[in-house]
$ cat entry_39.csv   # CSV, C-alpha atoms and all ligand atoms
chain,number,residue,atom,x,y,z
A,1,MET,CA,152.6,8.0,-2.7
A,2,SER,CA,150.9,5.6,-0.3
A,3,ASP,CA,147.7,6.9,1.3
A,4,THR,CA,149.1,6.7,4.8
A,5,LEU,CA,151.7,9.3,5.6
A,6,PRO,CA,154.6,7.9,7.5
A,7,PRO,CA,156.2,9.7,10.6
A,8,GLY,CA,158.3,12.5,9.3
A,9,ALA,CA,155.9,13.5,6.6
A,10,MET,CA,154.9,17.2,6.3
A,11,ILE,CA,151.4,18.5,6.6
A,12,GLY,CA,150.7,21.9,5.2
A,13,ILE,CA,148.2,24.0,7.1
A,14,LEU,CA,146.5,27.1,5.6
A,15,GLY,CA,146.1,29.5,8.5
A,16,GLY,CA,148.3,29.8,11.6
A,17,GLY,CA,145.8,30.9,14.3
A,18,GLN,CA,145.2,28.9,17.5
A,19,LEU,CA,143.5,26.0,15.6
A,20,GLY,CA,146.6,25.7,13.3
A,21,ARG,CA,148.8,25.8,16.5
A,22,MET,CA,146.9,23.0,18.2
A,23,LEU,CA,146.8,21.0,15.0
A,24,SER,CA,150.6,21.4,14.8
A,25,VAL,CA,151.1,20.2,18.4
A,26,ALA,CA,148.9,17.2,17.7
A,27,ALA,CA,150.8,16.4,14.5
A,28,ALA,CA,154.1,16.6,16.4
A,29,ARG,CA,153.0,14.1,19.0
A,30,LEU,CA,152.4,11.7,16.1
A,31,GLY,CA,155.9,12.3,14.7
A,32,LEU,CA,154.5,14.4,11.8
A,33,ARG,CA,155.8,17.9,10.9
A,34,CYS,CA,153.8,21.0,9.9
A,35,HIS,CA,154.3,23.8,7.5
A,36,ILE,CA,152.1,26.8,8.2
A,37,TYR,CA,150.9,29.3,5.5
A,38,ASP,CA,149.6,32.6,6.8
A,39,PRO,CA,149.6,36.2,5.4
A,40,ALA,CA,150.2,37.6,8.9
A,41,PRO,CA,153.7,37.6,10.3
A,42,SER,CA,154.3,35.5,13.5
A,43,PRO,CA,150.9,33.8,13.8
A,44,PRO,CA,150.3,31.7,16.9
A,45,ALA,CA,151.1,28.4,15.1
A,46,ALA,CA,154.5,29.7,14.0
A,47,GLN,CA,155.8,29.1,17.6
A,48,VAL,CA,155.2,25.4,17.4
A,49,ALA,CA,155.4,24.4,13.7
A,50,GLU,CA,158.6,23.4,11.8
A,51,ARG,CA,158.1,25.7,8.9
A,52,VAL,CA,156.2,28.9,8.2
A,53,THR,CA,155.5,30.8,5.0
A,54,THR,CA,154.4,34.4,5.4
A,55,ALA,CA,152.7,35.3,2.1
A,56,ALA,CA,149.4,36.7,0.7
A,57,TRP,CA,146.6,34.3,-0.3
A,58,GLU,CA,147.1,35.8,-3.8
A,59,ASP,CA,150.8,34.9,-4.0
A,60,ARG,CA,150.8,32.1,-6.5
A,61,GLU,CA,154.5,31.5,-6.4
A,62,ALA,CA,154.5,31.2,-2.6
A,63,LEU,CA,151.5,28.9,-2.7
A,64,VAL,CA,153.1,26.6,-5.3
A,65,ALA,CA,156.4,26.4,-3.3
A,66,PHE,CA,154.4,25.7,-0.1
A,67,ALA,CA,152.4,22.9,-1.8
A,68,ALA,CA,155.5,21.3,-3.2
A,69,SER,CA,157.1,21.3,0.2
A,70,VAL,CA,154.4,19.2,1.9
A,71,ASP,CA,152.6,15.8,1.5
A,72,VAL,CA,149.0,17.0,2.0
A,73,VAL,CA,147.3,20.3,2.6
A,74,THR,CA,144.6,21.0,5.2
A,75,TYR,CA,143.3,24.3,6.7
A,76,GLU,CA,142.1,25.8,9.9
A,77,PHE,CA,140.4,28.7,8.1
A,78,GLU,CA,137.6,28.1,5.6
A,79,ASN,CA,137.7,31.4,3.7
A,80,VAL,CA,140.8,30.7,1.7
A,81,PRO,CA,140.1,32.1,-1.8
A,82,ALA,CA,139.2,29.6,-4.5
A,83,ALA,CA,142.1,30.6,-6.8
A,84,SER,CA,144.7,29.9,-4.0
A,85,LEU,CA,143.2,26.5,-3.6
A,86,ASP,CA,143.4,25.9,-7.4
A,87,ALA,CA,147.1,26.6,-7.3
A,88,ILE,CA,147.6,24.1,-4.4
A,89,GLU,CA,145.3,21.4,-5.7
A,90,ALA,CA,147.2,21.0,-8.9
A,91,ILE,CA,150.2,19.8,-6.8
A,92,ARG,CA,148.9,18.2,-3.6
A,93,PRO,CA,145.6,16.8,-2.2
A,94,ILE,CA,143.6,19.2,-0.1
A,95,ARG,CA,141.7,17.5,2.8
A,96,PRO,CA,138.9,18.1,3.6
A,97,GLY,CA,138.1,18.5,-0.1
A,98,ARG,CA,136.9,21.5,-2.1
A,99,ARG,CA,133.2,20.8,-2.0
A,100,ALA,CA,133.2,21.1,1.8
A,101,LEU,CA,134.9,24.5,1.5
A,102,ALA,CA,132.6,25.8,-1.3
A,103,VAL,CA,129.6,24.8,0.7
A,104,SER,CA,130.7,26.4,4.0
A,105,GLN,CA,132.1,29.6,2.5
A,106,GLU,CA,128.6,30.8,1.4
A,107,ARG,CA,125.6,30.6,3.7
A,108,ILE,CA,123.0,30.1,0.9
A,109,ALA,CA,125.0,27.3,-0.7
A,110,GLU,CA,125.4,25.8,2.7
A,111,LYS,CA,121.7,25.9,3.5
A,112,ASP,CA,120.8,24.6,0.0
A,113,PHE,CA,123.2,21.7,0.5
A,114,LEU,CA,121.8,20.9,4.0
A,115,THR,CA,118.2,21.0,2.9
A,116,SER,CA,119.0,18.9,-0.2
A,117,LEU,CA,120.0,16.2,2.3
A,118,GLY,CA,116.6,16.4,4.0
A,119,LEU,CA,118.0,18.3,7.0
A,120,VAL,CA,116.2,21.2,8.5
A,121,THR,CA,117.6,24.7,8.7
A,122,ALA,CA,116.0,28.1,9.7
A,123,PRO,CA,113.9,29.4,6.8
A,124,TYR,CA,116.1,31.6,4.6
A,125,ARG,CA,115.9,33.9,1.6
A,126,ARG,CA,118.6,35.6,-0.5
A,127,VAL,CA,118.7,39.4,-0.1
A,128,ILE,CA,120.6,41.6,-2.5
A,129,THR,CA,118.3,44.7,-2.8
A,130,ARG,CA,116.2,46.5,-0.2
A,131,ASP,CA,113.1,45.2,-2.1
A,132,ASP,CA,114.4,41.6,-1.6
A,133,LEU,CA,114.5,42.3,2.1
A,134,THR,CA,110.9,43.6,2.1
A,135,GLN,CA,109.8,40.5,0.2
A,136,ALA,CA,111.8,38.1,2.4
A,137,LEU,CA,110.4,39.7,5.6
A,138,ALA,CA,106.9,39.3,4.1
A,139,GLU,CA,107.5,35.6,3.6
A,140,ILE,CA,109.6,34.8,6.8
A,141,GLY,CA,108.3,37.5,9.2
A,142,ALA,CA,110.1,39.1,12.1
A,143,PRO,CA,112.0,38.4,14.3
A,144,ALA,CA,114.7,37.4,11.8
A,145,ILE,CA,118.4,37.8,11.3
A,146,LEU,CA,120.1,39.3,8.3
A,147,LYS,CA,123.6,37.8,7.7
A,148,THR,CA,126.2,38.4,5.0
A,149,THR,CA,126.4,35.3,2.9
A,150,ARG,CA,130.3,35.2,3.1
A,151,LEU,CA,133.0,35.9,5.6
A,152,GLY,CA,130.9,35.9,8.7
A,153,TYR,CA,132.2,34.5,12.0
A,154,ASP,CA,131.6,35.0,15.7
A,155,GLY,CA,128.4,36.9,15.0
A,156,LYS,CA,130.1,39.4,12.7
A,157,GLY,CA,128.2,40.6,9.6
A,158,GLN,CA,124.9,40.0,11.3
A,159,ALA,CA,122.0,42.2,12.2
A,160,ARG,CA,118.8,41.3,14.1
A,161,ILE,CA,115.5,42.5,12.9
A,162,ARG,CA,113.2,42.3,15.9
A,163,HIS,CA,110.5,44.5,14.3
A,164,LEU,CA,110.0,45.5,10.8
A,165,GLU,CA,111.1,49.0,11.6
A,166,GLU,CA,114.6,47.7,12.1
A,167,ALA,CA,114.8,46.5,8.5
A,168,ASP,CA,116.5,49.7,7.1
A,169,HIS,CA,119.1,49.6,9.8
A,170,ALA,CA,119.9,45.9,9.2
A,171,PHE,CA,120.1,46.4,5.4
A,172,THR,CA,122.5,49.3,5.9
A,173,ALA,CA,124.6,47.2,8.2
A,174,MET,CA,125.3,44.7,5.4
A,175,ALA,CA,127.2,47.6,3.6
A,176,GLY,CA,126.1,46.4,0.1
A,177,ALA,CA,127.2,42.8,0.6
A,178,GLU,CA,125.0,40.0,-0.5
A,179,ALA,CA,123.0,38.7,2.5
A,180,VAL,CA,120.6,36.0,3.6
A,181,LEU,CA,117.6,36.6,5.8
A,182,GLU,CA,117.1,33.8,8.3
A,183,GLY,CA,114.0,33.3,10.4
A,184,PHE,CA,114.7,33.5,14.1
A,185,VAL,CA,114.8,30.1,15.6
A,186,SER,CA,113.4,29.9,19.1
A,187,PHE,CA,115.7,27.2,20.4
A,188,SER,CA,116.0,25.8,23.9
A,189,ARG,CA,119.7,25.2,23.6
A,190,GLU,CA,122.6,25.2,21.1
A,191,VAL,CA,124.7,22.1,20.7
A,192,SER,CA,127.4,21.0,18.4
A,193,VAL,CA,128.7,17.7,17.1
A,194,ILE,CA,132.4,17.4,16.3
A,195,ALA,CA,132.7,14.5,13.9
A,196,ALA,CA,135.5,13.0,11.8
A,197,ARG,CA,135.6,10.9,8.6
A,198,GLY,CA,138.7,9.0,7.6
A,199,LEU,CA,140.2,8.4,4.2
A,200,ASP,CA,138.6,4.9,4.3
A,201,GLY,CA,135.1,6.4,4.8
A,202,SER,CA,134.8,5.5,8.5
A,203,VAL,CA,133.0,8.0,10.7
A,204,ALA,CA,133.4,8.8,14.4
A,205,ALA,CA,131.6,11.5,16.3
A,206,TYR,CA,132.4,13.0,19.7
A,207,ASP,CA,129.6,13.3,22.3
A,208,PRO,CA,127.6,16.5,21.5
A,209,GLY,CA,128.6,19.6,23.5
A,210,GLU,CA,126.2,22.3,24.8
A,211,ASN,CA,127.3,25.8,23.8
A,212,VAL,CA,126.6,29.2,25.4
A,213,HIS,CA,127.5,32.3,23.5
A,214,ARG,CA,128.3,35.8,24.8
A,215,GLU,CA,128.1,38.8,22.4
A,216,GLY,CA,128.2,36.4,19.5
A,217,ILE,CA,131.4,34.6,20.7
A,218,LEU,CA,131.4,31.1,22.1
A,219,HIS,CA,131.7,31.4,25.9
A,220,THR,CA,131.4,27.8,27.2
A,221,THR,CA,130.9,24.3,25.9
A,222,ARG,CA,129.8,21.6,28.4
A,223,VAL,CA,129.7,17.9,27.9
A,224,PRO,CA,127.5,16.0,28.3
A,225,ALA,CA,124.9,18.3,26.7
A,226,THR,CA,121.4,18.2,28.1
A,227,LEU,CA,119.7,16.1,25.4
A,228,THR,CA,117.4,13.1,25.3
A,229,SER,CA,119.0,9.9,24.0
A,230,ALA,CA,117.0,10.2,20.8
A,231,GLN,CA,118.3,13.8,20.2
A,232,ARG,CA,121.8,12.6,21.0
A,233,SER,CA,121.7,10.0,18.3
A,234,ASP,CA,119.9,12.3,15.9
A,235,ALA,CA,122.7,14.9,16.3
A,236,VAL,CA,125.3,12.3,15.5
A,237,LEU,CA,123.4,10.9,12.6
A,238,ILE,CA,122.9,14.4,11.1
A,239,ALA,CA,126.7,14.9,11.3
A,240,ALA,CA,127.4,11.6,9.7
A,241,ARG,CA,125.0,12.3,6.8
A,242,ILE,CA,126.8,15.6,6.1
A,243,LEU,CA,130.3,14.0,6.2
A,244,ASN,CA,129.3,11.1,3.9
A,245,ALA,CA,127.5,13.4,1.4
A,246,LEU,CA,130.7,15.5,1.1
A,247,ASP,CA,133.0,12.4,0.9
A,248,TYR,CA,134.7,14.3,3.7
A,249,VAL,CA,138.1,13.6,5.1
A,250,GLY,CA,138.9,15.3,8.5
A,251,VAL,CA,137.1,16.8,11.4
A,252,MET,CA,134.0,19.0,11.0
A,253,GLY,CA,132.0,21.0,13.5
A,254,VAL,CA,128.2,20.9,13.1
A,255,GLU,CA,126.2,23.5,15.0
A,256,LEU,CA,122.7,22.6,15.9
A,257,PHE,CA,119.7,24.4,17.4
A,258,VAL,CA,117.5,22.2,19.7
A,259,THR,CA,113.8,23.1,19.3
A,260,GLU,CA,110.5,21.5,20.3
A,261,THR,CA,110.1,20.1,16.8
A,262,GLY,CA,113.6,18.6,16.5
A,263,LEU,CA,117.2,19.6,15.6
A,264,LEU,CA,117.9,22.3,13.1
A,265,VAL,CA,121.3,22.8,11.5
A,266,ASN,CA,122.7,26.3,12.1
A,267,GLU,CA,126.0,26.0,10.3
A,268,ILE,CA,128.9,23.6,9.5
A,269,ALA,CA,132.6,24.4,9.8
A,270,PRO,CA,134.9,22.2,7.7
A,271,ARG,CA,137.7,22.1,10.3
A,272,VAL,CA,138.4,21.6,14.0
A,273,HIS,CA,136.1,23.7,16.0
A,274,ASN,CA,136.2,25.9,19.2
A,275,SER,CA,133.3,23.8,20.6
A,276,GLY,CA,135.5,20.7,20.3
A,277,HIS,CA,138.3,22.0,22.5
A,278,TRP,CA,136.9,20.0,25.5
A,279,THR,CA,138.1,16.8,23.8
A,280,GLN,CA,141.7,17.8,24.7
A,281,ASN,CA,141.1,16.8,28.3
A,282,GLY,CA,137.9,14.7,27.9
A,283,CYS,CA,139.0,12.1,25.4
A,284,VAL,CA,142.1,9.9,24.7
A,285,VAL,CA,142.3,11.2,21.2
A,286,ASP,CA,141.2,14.8,20.8
A,287,GLN,CA,139.8,16.6,17.8
A,288,PHE,CA,143.2,17.9,16.7
A,289,GLU,CA,144.8,14.5,16.6
A,290,GLN,CA,141.7,13.1,15.0
A,291,HIS,CA,141.9,15.6,12.2
A,292,ILE,CA,145.6,15.0,11.7
A,293,ARG,CA,145.0,11.2,11.6
A,294,ALA,CA,142.3,11.6,9.0
A,295,VAL,CA,144.2,13.9,6.6
A,296,ALA,CA,147.3,11.8,7.0
A,297,GLY,CA,145.3,8.7,6.1
A,298,TRP,CA,145.7,7.0,9.5
A,299,PRO,CA,142.9,5.1,11.2
A,300,LEU,CA,140.6,7.4,13.3
A,301,GLY,CA,141.4,7.2,17.0
A,302,ASP,CA,139.3,6.5,20.0
A,303,GLY,CA,137.2,9.6,20.7
A,304,HIS,CA,134.9,8.3,23.4
A,305,ARG,CA,134.3,10.7,26.3
A,306,ILE,CA,136.1,9.7,29.5
A,307,ALA,CA,135.0,12.7,31.7
A,308,ASP,CA,132.5,15.5,32.1
A,309,VAL,CA,134.1,18.7,31.0
A,310,GLU,CA,133.4,22.4,30.7
A,311,MET,CA,135.4,24.4,28.3
A,312,GLU,CA,135.6,28.2,28.9
A,313,ASN,CA,137.1,30.6,26.3
A,314,LEU,CA,139.4,33.2,27.6
A,315,VAL,CA,138.5,36.3,25.5
A,316,GLY,CA,140.3,39.6,25.6
A,317,ASP,CA,141.0,40.6,29.2
A,318,ASP,CA,139.9,37.2,30.6
A,319,VAL,CA,143.5,36.3,30.1
A,320,GLN,CA,144.4,38.3,33.2
A,321,ARG,CA,142.7,35.5,35.2
A,322,VAL,CA,145.4,33.1,34.1
A,323,PRO,CA,147.4,33.3,37.4
A,324,GLU,CA,144.3,32.4,39.4
A,325,LEU,CA,143.1,29.7,36.9
A,326,ALA,CA,146.6,28.1,37.0
A,327,GLN,CA,146.0,27.3,40.6
A,328,GLN,CA,142.6,25.7,40.2
A,329,ALA,CA,142.1,21.9,40.6
A,330,ASN,CA,140.9,19.9,37.7
A,331,THR,CA,141.7,22.8,35.3
A,332,ALA,CA,143.8,22.5,32.2
A,333,LEU,CA,145.0,25.8,30.7
A,334,HIS,CA,145.5,26.2,27.0
A,335,LEU,CA,147.0,29.5,25.9
A,336,TYR,CA,147.6,30.6,22.3
A,337,GLY,CA,150.8,32.6,22.6
A,338,LYS,CA,149.2,35.9,21.5
A,339,SER,CA,151.0,38.9,22.9
A,340,GLU,CA,148.2,41.5,22.7
A,341,ALA,CA,144.8,41.0,24.3
A,342,ARG,CA,142.3,42.9,22.3
A,343,PRO,CA,138.5,42.9,23.1
A,344,GLY,CA,136.9,39.9,21.5
A,345,ARG,CA,140.2,38.2,20.7
A,346,LYS,CA,140.4,34.6,21.7
A,347,MET,CA,143.5,34.3,23.9
A,348,GLY,CA,143.1,30.8,25.3
A,349,HIS,CA,140.7,28.5,27.0
A,350,VAL,CA,140.4,26.3,30.1
A,351,ASN,CA,139.0,22.8,30.2
A,352,ARG,CA,137.6,22.0,33.6
A,353,ILE,CA,137.0,18.3,34.5
A,354,ILE,CA,133.8,18.1,36.4
A,355,PRO,CA,134.1,15.5,39.2
A,356,ALA,CA,131.3,12.9,39.1
A,357,GLY,CA,128.1,14.0,41.0
A,358,ARG,CA,128.4,17.7,40.3
B,1,LIG,P1,126.3,32.1,13.3
B,1,LIG,O1,127.4,33.0,13.0
B,1,LIG,O2,125.3,31.9,12.2
B,1,LIG,O3,126.7,30.8,14.0
B,1,LIG,O4,125.5,32.8,14.5
B,1,LIG,C1,126.0,33.1,15.7
B,1,LIG,C2,125.0,32.9,16.8
B,1,LIG,O5,123.8,33.7,16.6
B,1,LIG,C3,124.4,31.5,16.9
B,1,LIG,O6,125.3,30.6,17.6
B,1,LIG,C4,123.1,31.7,17.6
B,1,LIG,O7,123.2,31.9,19.0
B,1,LIG,C5,122.6,33.0,17.0
B,1,LIG,N1,121.8,32.8,15.8
B,1,LIG,C6,122.3,32.7,14.5
B,1,LIG,N2,121.3,32.4,13.6
B,1,LIG,C7,120.2,32.3,14.3
B,1,LIG,C8,118.8,32.1,14.0
B,1,LIG,N3,118.4,31.9,12.7
B,1,LIG,N4,117.9,32.0,15.0
B,1,LIG,C9,118.3,32.2,16.3
B,1,LIG,N5,119.6,32.5,16.7
B,1,LIG,C10,120.5,32.6,15.7
$ encode --input "entry_39.csv" --output "structure tokens"
Amino acid sequence: MSDTLPPGAMIGILGGGQLGRMLSVAAARLGLRCHIYDPAPSPPAAQVAERVTTAAWEDREALVAFAASVDVVTYEFENVPAASLDAIEAIRPIRPGRRALAVSQERIAEKDFLTSLGLVTAPYRRVITRDDLTQALAEIGAPAILKTTRLGYDGKGQARIRHLEEADHAFTAMAGAEAVLEGFVSFSREVSVIAARGLDGSVAAYDPGENVHREGILHTTRVPATLTSAQRSDAVLIAARILNALDYVGVMGVELFVTETGLLVNEIAPRVHNSGHWTQNGCVVDQFEQHIRAVAGWPLGDGHRIADVEMENLVGDDVQRVPELAQQANTALHLYGKSEARPGRKMGHVNRIIPAGR
């Protein structure tokens, strides 16, 4: 098989949420087809992809049939179990590769990897027992954050320890799961870099975005971020170093804290990222197309920013604002086709183009 997938080729996507949906739309625009694998029936991507397999991550037979039906496999969800990936990898390439997944599935492996590259993270210690937590707090001090090492997202599996008296409560909140204590970073802002690396090793990064969270969930991303030009290039160089070290193929989200002493890496996501949704209306080639291009072995596209943009997530009942948002100027609506609006559930987003001078 040649490295470049021709139009008509089939891309397998593990996970059929909104990211898989937007990847499928981007693939369709390039004449490529998608096959979604998701344990849940009728995921958002099923409405737009050519094929859907509904089966458990442990269903080896379904995974093998899925892999055999596609030309390459990618994912929108980094917590796919290792055994499922083994079954697939024996049949088709997985892009981005296994190392990126292993590193991002476990917070301590991720921080060990980042610090091995000379990058700076929050101070961190592994916590399994209550005594580990006492020791870690003695070394790192409060305030700090205790996080489960696996399966955390959108602020889930996290407990803040503002004072030492909160340690017991935080430890109980981990419910016996292995955790990592992180020193609290006093940052002035949070930014992220969405970067891509092609099969040929070329790297392209989008302009960093500035992120604001509400209740642990991304609320807005604004570009351009308020950064000095030195910080801007530093952010992009950090992302490139990570992609090259992982021999990465695809798009990655790199979340950074801006502090007085420089940029710290919070976490990396080996996939398209919520803080990169602004690229859909701020660039000629958005993060979804860029990812599809990379995993399909195509050249990376032109991702330079052509507008100032603010992306706002529509979470839970925010979706009731759609009739009003649909009438606003300079506003692009992106809805995910989810029928039920539960609290904390991402239902869609809007990208607002900010006219020059505002
Ligand atoms: P995470 O799931 O690790 O991305 O954490 C979610 C959010 O919690 C981040 O975007 C930050 O706003 C905040 N946060 C996480 N870790 C730290 C830290 N070590 N210091 C300060 N804030 C943090």
$ residues_near_ligand --input "entry_39.csv" --ligand "ligand LIG 1 (chain B)" --cutoff "10 Å" --atoms "only C-alpha atoms and all ligand atoms" --output "PyMOL selection string"
chain A and resi 107+121-124+143-149+151-160+181-187+189-192+211-218+255-257+264-269
$ residues_around --input "entry_39.csv" --residues "Asp86 (chain A)" --least-positions-apart "3" --cutoff "10 Å" --atoms "all atoms listed in the file" --output "JSON, numbers by chain"
{"A": [60, 63, 64, 81, 82, 83, 89, 90, 91, 94, 98]}
$ write_last_selection --input "entry_39.csv" --atoms "C-alpha atoms" --output "PDB file, keeping the file's coordinate frame"
ATOM      1  CA  ARG A  60     150.800  32.100  -6.500  1.00  0.00           C
ATOM      2  CA  LEU A  63     151.500  28.900  -2.700  1.00  0.00           C
ATOM      3  CA  VAL A  64     153.100  26.600  -5.300  1.00  0.00           C
ATOM      4  CA  PRO A  81     140.100  32.100  -1.800  1.00  0.00           C
ATOM      5  CA  ALA A  82     139.200  29.600  -4.500  1.00  0.00           C
ATOM      6  CA  ALA A  83     142.100  30.600  -6.800  1.00  0.00           C
ATOM      7  CA  GLU A  89     145.300  21.400  -5.700  1.00  0.00           C
ATOM      8  CA  ALA A  90     147.200  21.000  -8.900  1.00  0.00           C
ATOM      9  CA  ILE A  91     150.200  19.800  -6.800  1.00  0.00           C
ATOM     10  CA  ILE A  94     143.600  19.200  -0.100  1.00  0.00           C
ATOM     11  CA  ARG A  98     136.900  21.500  -2.100  1.00  0.00           C
TER      12      ARG A  98
END
$ atom_distance --input "entry_39.csv" --atom1 "CA of Arg99 (chain A)" --atom2 "CA of Ala28 (chain A)"
28.2 Å
$ closest_residue --input "entry_39.csv" --among "A:Arg150, A:His35, A:His291, A:Arg342" --to "Glu106 (chain A)" --atoms "only C-alpha atoms"
A:Arg150
$ closest_residue --input "entry_39.csv" --among "A:Ala109, A:Leu333, A:Ala179, A:Ala142" --to "Glu166 (chain A)" --atoms "all atoms listed in the file"
A:Ala142
$ atom_distance --input "entry_39.csv" --atom1 "CA of Asn79 (chain A)" --atom2 "CA of Ala56 (chain A)"
13.2 Å
$ residues_near_point --input "entry_39.csv" --point "(155.7, 3.6, 8.5)" --cutoff "12 Å" --atoms "all atoms listed in the file" --output "list in words"
Ser2, Asp3, Thr4, Leu5, Pro6, Pro7, Gly8, Ala9, Leu30, Gly31, Leu32, Ala296, Gly297 and Trp298 of chain A
$ atom_distance --input "entry_39.csv" --atom1 "CA of Val249 (chain A)" --atom2 "CA of Pro96 (chain A)"
4.8 Å
$ closest_residue --input "entry_39.csv" --among "A:Ile88, A:Val350, A:Ile238, A:Ala341" --to "Thr220 (chain A)" --atoms "all atoms listed in the file"
A:Val350
$ decode --input "entry_39.csv" --residues "region 114-125 of chain A" --atoms "N, CA, C and O atoms" --output "PDB file, in the first residue's frame"
ATOM      1  N   LEU A 114       7.593  14.409  29.444  1.00  0.00           N
ATOM      2  CA  LEU A 114       7.784  15.844  29.174  1.00  0.00           C
ATOM      3  C   LEU A 114       9.055  16.355  29.846  1.00  0.00           C
ATOM      4  O   LEU A 114       9.849  17.083  29.234  1.00  0.00           O
ATOM      5  N   THR A 115       9.263  15.962  31.103  1.00  0.00           N
ATOM      6  CA  THR A 115      10.458  16.458  31.800  1.00  0.00           C
ATOM      7  C   THR A 115      11.725  15.842  31.193  1.00  0.00           C
ATOM      8  O   THR A 115      12.769  16.478  31.183  1.00  0.00           O
ATOM      9  N   SER A 116      11.614  14.627  30.632  1.00  0.00           N
ATOM     10  CA  SER A 116      12.798  14.015  29.991  1.00  0.00           C
ATOM     11  C   SER A 116      13.214  14.811  28.758  1.00  0.00           C
ATOM     12  O   SER A 116      14.356  14.724  28.303  1.00  0.00           O
ATOM     13  N   LEU A 117      12.269  15.582  28.199  1.00  0.00           N
ATOM     14  CA  LEU A 117      12.606  16.424  27.044  1.00  0.00           C
ATOM     15  C   LEU A 117      13.147  17.783  27.486  1.00  0.00           C
ATOM     16  O   LEU A 117      13.403  18.649  26.648  1.00  0.00           O
ATOM     17  N   GLY A 118      13.267  17.976  28.799  1.00  0.00           N
ATOM     18  CA  GLY A 118      13.739  19.269  29.296  1.00  0.00           C
ATOM     19  C   GLY A 118      12.615  20.285  29.418  1.00  0.00           C
ATOM     20  O   GLY A 118      12.867  21.464  29.664  1.00  0.00           O
ATOM     21  N   LEU A 119      11.367  19.836  29.262  1.00  0.00           N
ATOM     22  CA  LEU A 119      10.243  20.761  29.400  1.00  0.00           C
ATOM     23  C   LEU A 119       9.834  20.840  30.869  1.00  0.00           C
ATOM     24  O   LEU A 119      10.123  19.940  31.658  1.00  0.00           O
ATOM     25  N   VAL A 120       9.157  21.927  31.215  1.00  0.00           N
ATOM     26  CA  VAL A 120       8.811  22.142  32.616  1.00  0.00           C
ATOM     27  C   VAL A 120       7.332  21.833  32.839  1.00  0.00           C
ATOM     28  O   VAL A 120       6.477  22.237  32.053  1.00  0.00           O
ATOM     29  N   THR A 121       7.055  21.087  33.902  1.00  0.00           N
ATOM     30  CA  THR A 121       5.668  20.796  34.304  1.00  0.00           C
ATOM     31  C   THR A 121       5.506  21.262  35.749  1.00  0.00           C
ATOM     32  O   THR A 121       6.486  21.651  36.390  1.00  0.00           O
ATOM     33  N   ALA A 122       4.287  21.182  36.275  1.00  0.00           N
ATOM     34  CA  ALA A 122       4.096  21.400  37.716  1.00  0.00           C
ATOM     35  C   ALA A 122       4.900  20.328  38.447  1.00  0.00           C
ATOM     36  O   ALA A 122       5.058  19.217  37.933  1.00  0.00           O
ATOM     37  N   PRO A 123       5.409  20.620  39.671  1.00  0.00           N
ATOM     38  CA  PRO A 123       6.047  19.552  40.442  1.00  0.00           C
ATOM     39  C   PRO A 123       5.020  18.458  40.712  1.00  0.00           C
ATOM     40  O   PRO A 123       3.833  18.754  40.891  1.00  0.00           O
ATOM     41  N   TYR A 124       5.449  17.192  40.709  1.00  0.00           N
ATOM     42  CA  TYR A 124       4.472  16.100  40.858  1.00  0.00           C
ATOM     43  C   TYR A 124       5.065  14.930  41.623  1.00  0.00           C
ATOM     44  O   TYR A 124       6.282  14.701  41.595  1.00  0.00           O
ATOM     45  N   ARG A 125       4.192  14.194  42.325  1.00  0.00           N
ATOM     46  CA  ARG A 125       4.596  12.995  43.069  1.00  0.00           C
ATOM     47  C   ARG A 125       3.493  11.954  42.930  1.00  0.00           C
ATOM     48  O   ARG A 125       2.312  12.282  42.967  1.00  0.00           O
TER      49      ARG A 125
END
